[in-house]
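Report on the following structure.
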Amino acid sequence: MTLRLSPYLMMNGNAKEAIQFYEEALGGTVLFKQTFGEMPENPEFPLPEEAKELVSHAMIKIGETDLMFSDNFPGQTSQIGNHVTICISTSEIEEAKQIFESLQVDGQVKMPLQETFFSPAYGSVKDKFGVTFQISTESQQ
């Protein structure tokens, strides 16, 4: 069983700038970076032109820690207090389900735990203290 918690920074259109800043300021190394335009297309939800160059997901390694980033999708914004989430990654779907169910008690499900193109079980929940967690199961490839 593997369990890892990582800070996840939600940016308002300046994730590329933030990634470069933290890469230089903290000696980070970019491990992954993908724009919304590089994601698989979904004909049911056409991608607005202004979203194509925004970062959908990125990860940099700083020391022993992974720091993750995403730009908000056009029309959504983050403000101080909700722009940092905690991403919990696990190698087991059942563990992801248990963590998700525990955190949603007296909280609010933001995205139900479900299979996505990047994870066999991914969801987002705000706990009863107002902290948002992203639960992600790593693909077994």
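Ordering of the structure tokens sets the chain letters (A, B, ...), residue numbers begin anew at 1 in every chain, and ligands are numbered from 1 in the order given.
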- [ ] Excluding Met59 in chain A and residues on its chain fewer than 4 positions from it, collect all residues at most 12 Å away from it, counting only C-alpha atoms, and give them as a PyMOL selection string.
- [x] chain A and resi 6-9+15-16+18-20+22-23+28-34+55+65-70+87
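Note that DSSP on the backbone gives alpha helix (DSSP H) to these residues of range 18-132 of chain A: Ala18, Ile19, Gln20, Phe21, Tyr22, Glu23, Glu24, Ala25, Leu26, Ile93, Glu94, Glu95, Ala96, Lys97, Gln98, Ile99, Phe100, Glu101, Ser102, Leu103 and Gln104 of chain A.
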Which of chain A fall in strand (DSSP E), as a PyMOL selection string: chain A and resi 3-11+29-35+55-62+65-71+84-90+108-114+122-126+132-137
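Picture a line from CA of Gly123 in chain A to CA of Ile135 in chain A; it runs 5.3 Å.
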Residue with the minimum atom-to-atom distance to Glu38 in chain A, picked from A:Ala121, A:Ile60, A:Glu24, A:Leu54 with only C-alpha atoms counted, is A:Leu54
- request: With a distance cut-off of 8 Å and only C-alpha atoms, select the neighbouring residues of Glu138 in chain A, excluding the residue or stretch itself and same-chain residues fewer than 4 positions from it, and output the selection as a ChimeraX atom specification.
  value: /A:89-92,119-120
Pairwise distance, CA of Ala51 in chain A with CA of Gln76 in chain A, equals 11.4 Å
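Nearest residue to Glu53 in chain A among A:Pro40, A:Gly75, A:Gly27, A:Gly13 is A:Gly13, counting only C-alpha atoms.
Among the candidate residues A:Phe133, A:Phe118, A:Phe36, A:Phe21, the one lying nearest to Ser102 in chain A is A:Phe133, with distances computed using only C-alpha atoms.
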Leu47 in chain A environment, 10 Å, only C-alpha atoms, sequence neighbours closer than 5 positions dropped, as an mmCIF file with N, CA and C atoms, in the first residue's frame:
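result_10.cif, written as the output of this step:
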data_model
loop_
_atom_site.group_PDB
_atom_site.id
_atom_site.type_symbol
_atom_site.label_atom_id
_atom_site.label_comp_id
_atom_site.auth_asym_id
_atom_site.auth_seq_id
_atom_site.Cartn_x
_atom_site.Cartn_y
_atom_site.Cartn_z
ATOM 1 N N PHE A 36 -4.891 22.039 -21.062
ATOM 2 C CA PHE A 36 -6.234 21.540 -21.369
ATOM 3 C C PHE A 36 -6.321 21.136 -22.836
ATOM 4 N N GLY A 37 -5.608 21.862 -23.706
ATOM 5 C CA GLY A 37 -5.615 21.548 -25.123
ATOM 6 C C GLY A 37 -4.951 20.222 -25.464
ATOM 7 N N MET A 39 -5.275 17.510 -23.543
ATOM 8 C CA MET A 39 -6.096 16.431 -22.991
ATOM 9 C C MET A 39 -6.927 15.788 -24.094
ATOM 10 N N GLU A 41 -9.980 14.942 -26.269
ATOM 11 C CA GLU A 41 -11.175 15.746 -26.549
ATOM 12 C C GLU A 41 -12.433 15.012 -26.107
ATOM 13 N N ASN A 42 -13.399 15.799 -25.642
ATOM 14 C CA ASN A 42 -14.709 15.273 -25.275
ATOM 15 C C ASN A 42 -15.747 16.049 -26.078
ATOM 16 N N LYS A 52 -7.279 26.391 -24.018
ATOM 17 C CA LYS A 52 -6.341 25.442 -24.625
ATOM 18 C C LYS A 52 -4.913 25.535 -24.103
ATOM 19 N N PHE A 73 -10.464 26.232 -14.800
ATOM 20 C CA PHE A 73 -11.110 26.252 -16.104
ATOM 21 C C PHE A 73 -11.772 27.622 -16.272
ATOM 22 N N PRO A 74 -11.809 28.193 -17.481
ATOM 23 C CA PRO A 74 -12.455 29.491 -17.674
ATOM 24 C C PRO A 74 -13.844 29.533 -17.047
#
